Amino acid sequence: AKTHGRDQHAVFNEDLKFRLMERLALTKDLKQACDDLSFELVYQPQWNMERDLWIGAEVLIRWHHPKRGYVSPAEFIPLAEEQGLISVITEFVLTRALEEMRQAGIGHLQLPRLSINLSRKALLDQHLMQRLFDRARSKPEQRPALILEITETAAMENLQATLAAMEAWRQQGIAFSMDDFGTGYSSLAMLKQLPLSELKIDRSFIQDIPQDRNDEVITQTILAMARVLSLDVVAEGVETADQAAFLTQFGCATMQGYYFAKPMPIGELKALLEKDNAT
Ligand code: C2E
Ligand code: CA
Ligand code: CA
Ligand code: CA
């Protein structure tokens with residue numbers, strides 16, 4: 001039994017060592033990718049049922065690792081935050097997205113809104129904010145209106161600093177959306193304090209509609225709450241006609257998910273907008 005225990009221990013150590021090495025290698029490659037800016041962007045359009053058009057799109061970053069292939073942002077964004085690389089990435093995403101929109105001739109008439117994910121450290125980075133202000137200022141009347149998506153945990157970690165940063169962005173005409181709404185611990189009181197214009201209902205509440213009665217009630221409650229607070233709502237991760245019908249019935253106008261469209265490169269987005277958005 002004793003040897004067995006030691007073997008287990010050795011296996012565990014080997015495994016841990018392997019994972020640490022992997023992580024170290026990934027960190028090194030991520031740093032390189034940040035130097036080379038070797039990321040790509042895809043856009044997932046959002047359909048508005050009331051206006052019958054693609055009302056916006058969310059920008060999502062893609063990293064194709066030279067050896068590993070596709071690495072999910074769910075894996076490398078937290079690593080980037082930890083390694084102090086998130087500001088570089090955020091600046092890249094915003095700059096490249098606006099550049100691609102301009103080159104493709106997608107202005108606010110073609111696409112009213114563009115949403116960008118902003119992680120906590122990026123939101124609180126004053127230097128980054130200043131650089132981004134300069135970028136976002138150019139011809140704001142022509143580009144889609146910008147919406148920055150933040151998460152509840154990000155907002156709550158340092159409420160005063162968050163409020164100040166959001167206020168500064170808002171002065172520049174930039175709106176905020178609460179991403180993954182319902183998965184954190186934000187109170188109604190806090191929601192009221194934050195200068196938000198939109199809530200995104202988290203995919204985890206949408207995925208089991210109509211089987212899960214609890215998720216249906218939570219979704220209805222979020223929609224009712226958004227109405228009281230005069231916030232727009234986007235349901236994310238909508239994959240079926242049943243889900244879309246349920247959401248429509250309870251007053252959710254805007255939806256994002258594979259049922260409507262998958263994330264796509266700028267060229268495909270342009271074609272989709274030309275086909276469906278009458279301008
Ligand atoms: P998120 O902000 O919640 O983004 C939505 C995720 O759901 C995306 O995953 C999207 O591809 C996926 N998705 C969309 N529709 C459906 C659907 O119908 N079903 C399912 N199962 N999934 C759907 P993705 O692109 O892998 O991104 C994962 C997360 O990584 C994002 O979650 C976001 O937190 C982060 N992320 C992505 N791009 C950026 C970025 O440029 N900056 C920052 N800071 N974070 C990013
Ligand atoms: Ca998001
Ligand atoms: Ca989300
Ligand atoms: Ca569930």
# chains A, B, ... in the order shown; residues from 1 in each chain; ligands from 1
$ residues_around --residues "Gln249 in chain A" --least-positions-apart "5" --cutoff "12 Å" --atoms "only C-alpha atoms" --output "PyMOL selection string"
chain A and resi 49-50+216+219-220+223+242-244
$ select_by_dssp --residues "range 55-117 of chain A" --states "alpha helix (DSSP H)" --output "ChimeraX atom specification"
/A:73-82,86-104
$ residues_near_ligand --ligand "ligand 3" --cutoff "8 Å" --atoms "only C-alpha atoms and all ligand atoms" --output "PDB file with N, CA and C atoms, in the first residue's frame"
ATOM      1  N   ASP A 179     -22.073  41.548 -19.435  1.00  0.00           N
ATOM      2  CA  ASP A 179     -21.950  40.245 -20.092  1.00  0.00           C
ATOM      3  C   ASP A 179     -22.249  39.117 -19.104  1.00  0.00           C
ATOM      4  N   ASP A 180     -22.602  37.949 -19.610  1.00  0.00           N
ATOM      5  CA  ASP A 180     -22.823  36.751 -18.784  1.00  0.00           C
ATOM      6  C   ASP A 180     -23.758  37.048 -17.625  1.00  0.00           C
ATOM      7  N   PHE A 181     -24.747  37.906 -17.852  1.00  0.00           N
ATOM      8  CA  PHE A 181     -25.567  38.357 -16.738  1.00  0.00           C
ATOM      9  C   PHE A 181     -26.309  37.201 -16.075  1.00  0.00           C
ATOM     10  N   LYS A 200     -26.641  41.175 -21.111  1.00  0.00           N
ATOM     11  CA  LYS A 200     -26.626  39.970 -21.940  1.00  0.00           C
ATOM     12  C   LYS A 200     -26.955  38.776 -21.050  1.00  0.00           C
ATOM     13  N   ILE A 201     -28.054  38.109 -21.366  1.00  0.00           N
ATOM     14  CA  ILE A 201     -28.447  36.942 -20.583  1.00  0.00           C
ATOM     15  C   ILE A 201     -27.488  35.812 -20.909  1.00  0.00           C
ATOM     16  N   ASP A 202     -26.889  35.239 -19.877  1.00  0.00           N
ATOM     17  CA  ASP A 202     -25.874  34.211 -20.086  1.00  0.00           C
ATOM     18  C   ASP A 202     -26.447  32.973 -20.780  1.00  0.00           C
ATOM     19  N   ARG A 203     -25.602  32.384 -21.617  1.00  0.00           N
ATOM     20  CA  ARG A 203     -25.959  31.191 -22.364  1.00  0.00           C
ATOM     21  C   ARG A 203     -26.441  30.044 -21.490  1.00  0.00           C
ATOM     22  N   GLU A 236     -27.792  35.491 -25.291  1.00  0.00           N
ATOM     23  CA  GLU A 236     -26.670  34.865 -25.997  1.00  0.00           C
ATOM     24  C   GLU A 236     -26.810  33.346 -26.004  1.00  0.00           C
TER      25      GLU A 236
END
$ closest_atom_pairs --of "chain A" --to "ligand 2" --cutoff "10 Å" --atoms "only C-alpha atoms and all ligand atoms" --output "CSV"
residue,atom,partner,partner_atom_place_in_ligand_line,distance
A:Glu58,CA,ligand 2,1 (Ca),6.9
A:Val59,CA,ligand 2,1 (Ca),8.2
A:Leu60,CA,ligand 2,1 (Ca),7.9
A:Ser115,CA,ligand 2,1 (Ca),7.8
A:Ile116,CA,ligand 2,1 (Ca),7.1
A:Asn117,CA,ligand 2,1 (Ca),5.3
A:Leu118,CA,ligand 2,1 (Ca),8.4
A:Ser119,CA,ligand 2,1 (Ca),9.8
A:Leu148,CA,ligand 2,1 (Ca),8.7
A:Glu149,CA,ligand 2,1 (Ca),5.7
A:Ile150,CA,ligand 2,1 (Ca),7.5
A:Thr151,CA,ligand 2,1 (Ca),8.3
A:Ser177,CA,ligand 2,1 (Ca),8.8
A:Met178,CA,ligand 2,1 (Ca),8.6
A:Asp179,CA,ligand 2,1 (Ca),5.5
A:Asp180,CA,ligand 2,1 (Ca),7.2
A:Lys200,CA,ligand 2,1 (Ca),8.0
A:Asp202,CA,ligand 2,1 (Ca),9.3
A:Glu236,CA,ligand 2,1 (Ca),8.7
$ select_by_dssp --residues "range 100-274 of chain A" --states "strand (DSSP E)" --output "compact mmCIF listing (two decimals) with C-alpha atoms, in the first residue's frame"
# COMPACT_ATOMS: atom_id res chain seq x y z
CA ARG A 113 -23.62 48.58 -33.12
CA LEU A 114 -20.36 46.79 -32.48
CA SER A 115 -19.65 45.04 -29.17
CA ILE A 116 -16.19 44.42 -27.79
CA ASN A 117 -15.22 42.37 -24.74
CA ALA A 145 -21.69 52.69 -32.10
CA LEU A 146 -19.32 50.95 -29.69
CA ILE A 147 -20.49 48.84 -26.79
CA LEU A 148 -18.00 47.46 -24.29
CA GLU A 149 -18.97 44.19 -22.61
CA ILE A 150 -17.85 43.77 -19.03
CA THR A 151 -18.65 41.03 -16.52
CA ALA A 175 -21.87 52.35 -24.03
CA PHE A 176 -21.59 49.39 -21.67
CA SER A 177 -23.17 45.98 -21.56
CA MET A 178 -23.19 43.53 -18.64
CA ASP A 179 -21.95 40.24 -20.09
CA ASP A 180 -22.82 36.75 -18.78
CA PHE A 181 -25.57 38.36 -16.74
CA GLU A 198 -27.56 46.60 -21.98
CA LEU A 199 -27.67 43.20 -20.27
CA LYS A 200 -26.63 39.97 -21.94
CA ILE A 201 -28.45 36.94 -20.58
CA ASP A 232 -31.63 46.68 -23.71
CA VAL A 233 -31.29 42.90 -23.53
CA VAL A 234 -29.36 40.49 -25.72
CA ALA A 235 -29.89 36.76 -25.22
CA THR A 254 -32.22 40.91 -29.70
CA MET A 255 -30.65 37.48 -29.98
$ closest_atom_pairs --of "chain A" --to "ligand 4" --cutoff "9 Å" --atoms "only C-alpha atoms and all ligand atoms" --output "tab-separated table"
residue	atom	partner	partner_atom_place_in_ligand_line	distance
A:Ser204	CA	ligand 4	1 (Ca)	6.4
A:Phe205	CA	ligand 4	1 (Ca)	6.0
A:Ile206	CA	ligand 4	1 (Ca)	8.0
A:Gln207	CA	ligand 4	1 (Ca)	7.1
A:Asp208	CA	ligand 4	1 (Ca)	5.3
A:Ile209	CA	ligand 4	1 (Ca)	8.0
A:Gln211	CA	ligand 4	1 (Ca)	8.5
A:Asp212	CA	ligand 4	1 (Ca)	5.9
A:Arg213	CA	ligand 4	1 (Ca)	8.6
A:Asn214	CA	ligand 4	1 (Ca)	7.3
A:Asp215	CA	ligand 4	1 (Ca)	5.7
$ closest_atom_pairs --of "chain A" --to "ligand 1" --cutoff "6 Å" --atoms "only C-alpha atoms and all ligand atoms" --output "Markdown table"
| residue | atom | partner | partner_atom_place_in_ligand_line | distance |
| --- | --- | --- | --- | --- |
| A:Leu60 | CA | ligand 1 | 38 (N) | 3.7 |
| A:Ile61 | CA | ligand 1 | 38 (N) | 4.2 |
| A:Ser72 | CA | ligand 1 | 26 (O) | 5.4 |
| A:Pro73 | CA | ligand 1 | 30 (O) | 4.3 |
| A:Ala74 | CA | ligand 1 | 30 (O) | 4.2 |
| A:Ile77 | CA | ligand 1 | 45 (N) | 5.8 |
| A:Val93 | CA | ligand 1 | 41 (O) | 5.7 |
| A:Asn117 | CA | ligand 1 | 42 (N) | 4.6 |
| A:Leu118 | CA | ligand 1 | 44 (N) | 4.7 |
| A:Ser119 | CA | ligand 1 | 44 (N) | 4.5 |
| A:Asp180 | CA | ligand 1 | 3 (O) | 6.0 |
| A:Gly237 | CA | ligand 1 | 18 (O) | 3.5 |
| A:Val238 | CA | ligand 1 | 18 (O) | 4.8 |
| A:Glu239 | CA | ligand 1 | 18 (O) | 4.6 |
| A:Gly257 | CA | ligand 1 | 18 (O) | 3.5 |
| A:Tyr258 | CA | ligand 1 | 18 (O) | 3.8 |
| A:Pro263 | CA | ligand 1 | 11 (O) | 6.0 |
$ atom_distance --atom1 "CA of Ala261 in chain A" --atom2 "CA of His64 in chain A"
21.5 Å
